[in-house]
Amino acid sequence: MRSDPLANAAVPVPEEPSAPGGLPRHVAIIMDGNGRWANRRGLPRTLGHRKGIEAVRRVVRHAGERRIEVLTLFAFSRENWNRPKAEVNELMSLLRRFIRSDLEDLIANNVQIQVIGGRDDIDKDIVGLIEEAEARTRLNDGLRLVLAFNYGGRDELARAARKLAFAVAAGQIAPEAVNEDTLAAYLDTAALPDPDLVIRTSGEQRISNFLLWQSAYAEYAFPATLWPDFGAAHLDEALADYATRQRRFGAVPVTIAKP
Ligand code: FPP
């Protein structure tokens, strides 16, 4: 009798199914709505982004207090280069100013900073600031703050595939050894757990090329609040809603044994 070739095939299960009630290890946020916040007040869009920095500070502080391990913020996408030059310049300057003005505070609060995304096409002085922020916070073991800057999920995957192809061509990895883990090891997020909860503010319900690989099993929240208005209470609301979700990762529901 021929054996069923699929009978013992290893089906990858990313995580164990979990009962509701937990706290996400990794929260990732698409900070949307800065432009609308400004438009509604008759202000230039750039002021919406500046106001957005205050929300960044509130959420970083609160995520730390709530003992979230990793907070990823989508600060500038590769597609954002298509915005008017003045707005692009403002978004670049905001990262500069944020690192210059907040780095000491973040260090004092034991925050570790990591920036994901391509670095080739951003100004050298910004790359220098990013490297300084990463180096000076490398040993901190509090909240890991990940800024996605000049980031696109497809670009990250293409960069990872290119590095992997070089490693295969150099004979460091056998082609048949390439699997999900090998590819994931070349992503910008290699050292991070996958996001458990992805929040997009402003009511839009799109993923916009954000953490495409990593969010395969994430839970989603789409609060209507515009990013500059977002704060501790909104984050708590998303965490409370997350705690009601049962995560199955494609497996069967967890049943909680009655005593
Ligand atoms: C989307 O709102 C937001 C962005 C493209 C940029 C987000 C950036 C910040 C909050 C500030 C920078 C942060 C750091 C940490 C340096 P939108 O402009 O698309 O809003 P709209 O959809 O209402 O037009």
# chains A, B, ... in the order shown; residues from 1 in each chain; ligands from 1
>>> select_by_dssp(residues="segment 99-185 of chain A", states="helix (DSSP H, G or I)", output="ChimeraX atom specification")
/A:99-108,124-137,153-169,175-177,180-184
>>> residues_near_ligand(ligand="ligand 1", cutoff="7 Å", atoms="only C-alpha atoms and all ligand atoms", output="PyMOL selection string")
chain A and resi 31-37+45+49-50+52-53+56+73-77+80+91+94-95+98+147+227
>>> write_last_selection(atoms="C-alpha atoms", output="PDB file, in the first residue's frame")
ATOM      1  CA  MET A  31      -0.664  56.691  11.995  1.00  0.00           C
ATOM      2  CA  ASP A  32      -3.277  57.986   9.540  1.00  0.00           C
ATOM      3  CA  GLY A  33      -5.311  61.184   9.471  1.00  0.00           C
ATOM      4  CA  ASN A  34      -2.790  63.991  10.008  1.00  0.00           C
ATOM      5  CA  GLY A  35      -3.809  65.711   6.778  1.00  0.00           C
ATOM      6  CA  ARG A  36      -7.534  65.554   7.552  1.00  0.00           C
ATOM      7  CA  TRP A  37      -6.899  66.800  11.089  1.00  0.00           C
ATOM      8  CA  ARG A  45      -1.147  69.494   6.192  1.00  0.00           C
ATOM      9  CA  HIS A  49       2.131  65.958  10.939  1.00  0.00           C
ATOM     10  CA  ARG A  50       3.714  68.184  13.613  1.00  0.00           C
ATOM     11  CA  GLY A  52       1.140  63.902  15.115  1.00  0.00           C
ATOM     12  CA  ILE A  53       4.473  63.936  16.933  1.00  0.00           C
ATOM     13  CA  VAL A  56       3.688  59.662  19.063  1.00  0.00           C
ATOM     14  CA  LEU A  73       5.033  53.184  14.062  1.00  0.00           C
ATOM     15  CA  PHE A  74       4.673  53.767  10.315  1.00  0.00           C
ATOM     16  CA  ALA A  75       6.293  57.202  10.013  1.00  0.00           C
ATOM     17  CA  PHE A  76       7.117  57.416   6.286  1.00  0.00           C
ATOM     18  CA  SER A  77       6.265  54.969   3.522  1.00  0.00           C
ATOM     19  CA  ASN A  80       5.041  58.954   0.576  1.00  0.00           C
ATOM     20  CA  LEU A  91       8.258  64.540   7.232  1.00  0.00           C
ATOM     21  CA  LEU A  94      10.203  65.670  11.738  1.00  0.00           C
ATOM     22  CA  LEU A  95      12.299  62.518  12.112  1.00  0.00           C
ATOM     23  CA  PHE A  98      12.196  63.896  16.905  1.00  0.00           C
ATOM     24  CA  LEU A 147      10.087  53.389  13.409  1.00  0.00           C
ATOM     25  CA  TRP A 227      -3.837  60.280  14.546  1.00  0.00           C
TER      26      TRP A 227
END
>>> atom_distance(atom1="atom CA of Phe210 of chain A", atom2="atom CA of Glu65 of chain A")
25.3 Å
>>> closest_residue(among="A:Ile207, A:Leu145, A:Ile68, A:Ala184", to="Leu103 of chain A", atoms="only C-alpha atoms")
A:Leu145
>>> residues_around(residues="Thr182 of chain A", least_positions_apart="4", cutoff="12 Å", atoms="only C-alpha atoms", output="PyMOL selection string")
chain A and resi 160-161+163-165+167-168+172-178+186-187+190
>>> write_last_selection(atoms="N, CA and C atoms", output="CSV table (one decimal), in the first residue's frame")
chain,number,residue,atom,x,y,z
A,160,ALA,N,15.2,41.5,1.1
A,160,ALA,CA,15.5,40.2,1.8
A,160,ALA,C,15.8,39.1,0.8
A,161,ALA,N,15.0,39.1,-0.3
A,161,ALA,CA,15.2,38.0,-1.3
A,161,ALA,C,16.5,38.2,-2.0
A,163,LYS,N,19.3,39.6,-0.7
A,163,LYS,CA,20.4,39.2,0.2
A,163,LYS,C,20.4,37.7,0.2
A,164,LEU,N,19.3,37.1,0.3
A,164,LEU,CA,19.2,35.6,0.3
A,164,LEU,C,19.8,35.0,-0.9
A,165,ALA,N,19.5,35.6,-2.1
A,165,ALA,CA,20.0,35.1,-3.3
A,165,ALA,C,21.5,35.2,-3.4
A,167,ALA,N,23.5,35.1,-0.8
A,167,ALA,CA,24.0,34.1,0.2
A,167,ALA,C,23.9,32.7,-0.5
A,168,VAL,N,22.9,32.4,-1.3
A,168,VAL,CA,22.8,31.1,-2.0
A,168,VAL,C,23.9,31.1,-3.1
A,172,GLN,N,26.6,29.9,0.8
A,172,GLN,CA,26.4,29.9,2.2
A,172,GLN,C,25.1,29.2,2.6
A,173,ILE,N,24.2,29.1,1.7
A,173,ILE,CA,22.9,28.5,2.0
A,173,ILE,C,22.5,27.6,0.8
A,174,ALA,N,22.2,26.4,1.0
A,174,ALA,CA,21.7,25.5,-0.1
A,174,ALA,C,20.3,25.9,-0.5
A,175,PRO,N,20.1,25.9,-1.8
A,175,PRO,CA,18.8,26.4,-2.3
A,175,PRO,C,17.6,25.6,-1.7
A,176,GLU,N,17.8,24.3,-1.5
A,176,GLU,CA,16.7,23.5,-0.9
A,176,GLU,C,16.6,23.8,0.6
A,177,ALA,N,17.5,24.5,1.2
A,177,ALA,CA,17.4,24.9,2.6
A,177,ALA,C,16.5,26.2,2.8
A,178,VAL,N,16.2,26.8,1.7
A,178,VAL,CA,15.4,28.1,1.8
A,178,VAL,C,14.0,27.8,2.3
A,186,TYR,N,16.2,37.5,6.9
A,186,TYR,CA,16.8,38.6,6.1
A,186,TYR,C,15.9,39.8,6.1
A,187,LEU,N,14.7,39.7,6.8
A,187,LEU,CA,13.9,40.9,6.9
A,187,LEU,C,14.4,41.9,7.8
A,190,ALA,N,14.0,41.0,11.5
A,190,ALA,CA,14.4,39.6,11.9
A,190,ALA,C,14.4,39.4,13.4
>>> atom_distance(atom1="atom CA of Ala135 of chain A", atom2="atom CA of Asp105 of chain A")
15.2 Å
>>> residues_around(residues="Arg61 of chain A", least_positions_apart="6", cutoff="10 Å", atoms="only C-alpha atoms", output="PDB file with C-alpha atoms, in the first residue's frame")
ATOM      1  CA  ALA A  55       0.496  61.671  19.674  1.00  0.00           C
ATOM      2  CA  LEU A 106      13.882  57.892  25.376  1.00  0.00           C
ATOM      3  CA  ASN A 109      13.057  55.767  29.832  1.00  0.00           C
ATOM      4  CA  VAL A 111      13.486  52.653  25.273  1.00  0.00           C
ATOM      5  CA  LEU A 143       9.942  49.213  25.186  1.00  0.00           C
ATOM      6  CA  GLY A 231      -3.872  58.978  22.977  1.00  0.00           C
ATOM      7  CA  ALA A 232      -3.662  56.638  25.944  1.00  0.00           C
TER       8      ALA A 232
END
>>> residues_around(residues="Arg67 of chain A", least_positions_apart="5", cutoff="10 Å", atoms="only C-alpha atoms", output="list in words")
Leu23, Pro24, Arg25, His62, Gly142 and Leu143 of chain A
>>> select_by_dssp(residues="segment 89-185 of chain A", states="strand (DSSP E or B)", output="list in words")
Gln112, Ile113, Gln114, Val115, Ile116, Arg144, Leu145, Val146, Leu147, Ala148, Phe149, Asn150 and Tyr151 of chain A
>>> decode(residues="segment 18-49 of chain A", atoms="N, CA and C atoms", output="short mmCIF file (atom, residue, chain, number, x, y, z; two decimals), in the first residue's frame")
data_model
loop_
_atom_site.label_atom_id
_atom_site.label_comp_id
_atom_site.auth_asym_id
_atom_site.auth_seq_id
_atom_site.Cartn_x
_atom_site.Cartn_y
_atom_site.Cartn_z
N SER A 18 -4.38 30.87 21.10
CA SER A 18 -4.43 31.44 22.44
C SER A 18 -5.86 31.77 22.83
N ALA A 19 -6.15 31.62 24.10
CA ALA A 19 -7.46 32.00 24.61
C ALA A 19 -7.52 33.52 24.68
N PRO A 20 -8.74 34.11 24.65
CA PRO A 20 -8.83 35.56 24.78
C PRO A 20 -8.27 36.04 26.13
N GLY A 21 -7.99 37.32 26.21
CA GLY A 21 -7.61 37.88 27.50
C GLY A 21 -6.19 38.37 27.57
N GLY A 22 -5.43 38.14 26.52
CA GLY A 22 -4.01 38.47 26.58
C GLY A 22 -3.70 39.89 26.18
N LEU A 23 -2.43 40.25 26.39
CA LEU A 23 -1.91 41.54 25.99
C LEU A 23 -1.03 41.30 24.76
N PRO A 24 -1.12 42.12 23.73
CA PRO A 24 -0.24 41.91 22.58
C PRO A 24 1.22 42.17 22.96
N ARG A 25 2.12 41.33 22.46
CA ARG A 25 3.55 41.61 22.66
C ARG A 25 3.97 42.77 21.77
N HIS A 26 3.42 42.77 20.56
CA HIS A 26 3.85 43.74 19.55
C HIS A 26 2.63 44.45 18.96
N VAL A 27 2.59 45.76 19.13
CA VAL A 27 1.52 46.58 18.54
C VAL A 27 2.14 47.42 17.42
N ALA A 28 1.52 47.40 16.26
CA ALA A 28 2.03 48.18 15.13
C ALA A 28 0.95 49.15 14.69
N ILE A 29 1.34 50.40 14.42
CA ILE A 29 0.32 51.43 14.14
C ILE A 29 0.59 52.16 12.82
N ILE A 30 -0.45 52.22 11.99
CA ILE A 30 -0.43 53.09 10.80
C ILE A 30 -1.07 54.40 11.26
N MET A 31 -0.23 55.43 11.38
CA MET A 31 -0.66 56.69 11.99
C MET A 31 -1.32 57.55 10.91
N ASP A 32 -2.60 57.33 10.67
CA ASP A 32 -3.28 57.99 9.54
C ASP A 32 -4.19 59.11 10.04
N GLY A 33 -4.32 60.14 9.20
CA GLY A 33 -5.31 61.18 9.47
C GLY A 33 -4.72 62.55 9.81
N ASN A 34 -3.41 62.69 9.70
CA ASN A 34 -2.79 63.99 10.01
C ASN A 34 -3.30 65.09 9.07
N GLY A 35 -3.38 64.73 7.77
CA GLY A 35 -3.81 65.71 6.78
C GLY A 35 -5.24 66.16 7.04
N ARG A 36 -6.12 65.20 7.30
CA ARG A 36 -7.53 65.55 7.55
C ARG A 36 -7.67 66.38 8.82
N TRP A 37 -6.86 66.04 9.84
CA TRP A 37 -6.90 66.80 11.09
C TRP A 37 -6.59 68.28 10.80
N ALA A 38 -5.59 68.51 9.96
CA ALA A 38 -5.19 69.89 9.63
C ALA A 38 -6.25 70.55 8.74
N ASN A 39 -6.71 69.82 7.71
CA ASN A 39 -7.71 70.38 6.78
C ASN A 39 -8.94 70.87 7.53
N ARG A 40 -9.39 70.07 8.48
CA ARG A 40 -10.62 70.45 9.22
C ARG A 40 -10.45 71.73 10.00
N ARG A 41 -9.21 72.10 10.25
CA ARG A 41 -8.95 73.34 10.99
C ARG A 41 -8.46 74.46 10.09
N GLY A 42 -8.48 74.19 8.78
CA GLY A 42 -8.00 75.20 7.84
C GLY A 42 -6.50 75.42 7.93
N LEU A 43 -5.78 74.41 8.38
CA LEU A 43 -4.32 74.54 8.56
C LEU A 43 -3.59 73.76 7.46
N PRO A 44 -2.34 74.10 7.20
CA PRO A 44 -1.58 73.29 6.24
C PRO A 44 -1.36 71.86 6.75
N ARG A 45 -1.29 70.91 5.82
CA ARG A 45 -1.15 69.49 6.19
C ARG A 45 0.08 69.27 7.09
N THR A 46 1.13 70.05 6.83
CA THR A 46 2.37 69.86 7.60
C THR A 46 2.13 70.06 9.11
N LEU A 47 1.18 70.95 9.43
CA LEU A 47 0.89 71.16 10.87
C LEU A 47 0.23 69.92 11.48
N GLY A 48 -0.52 69.19 10.63
CA GLY A 48 -1.12 67.92 11.10
C GLY A 48 -0.02 66.94 11.46
N HIS A 49 1.03 66.88 10.64
CA HIS A 49 2.13 65.96 10.94
C HIS A 49 2.85 66.38 12.23
#
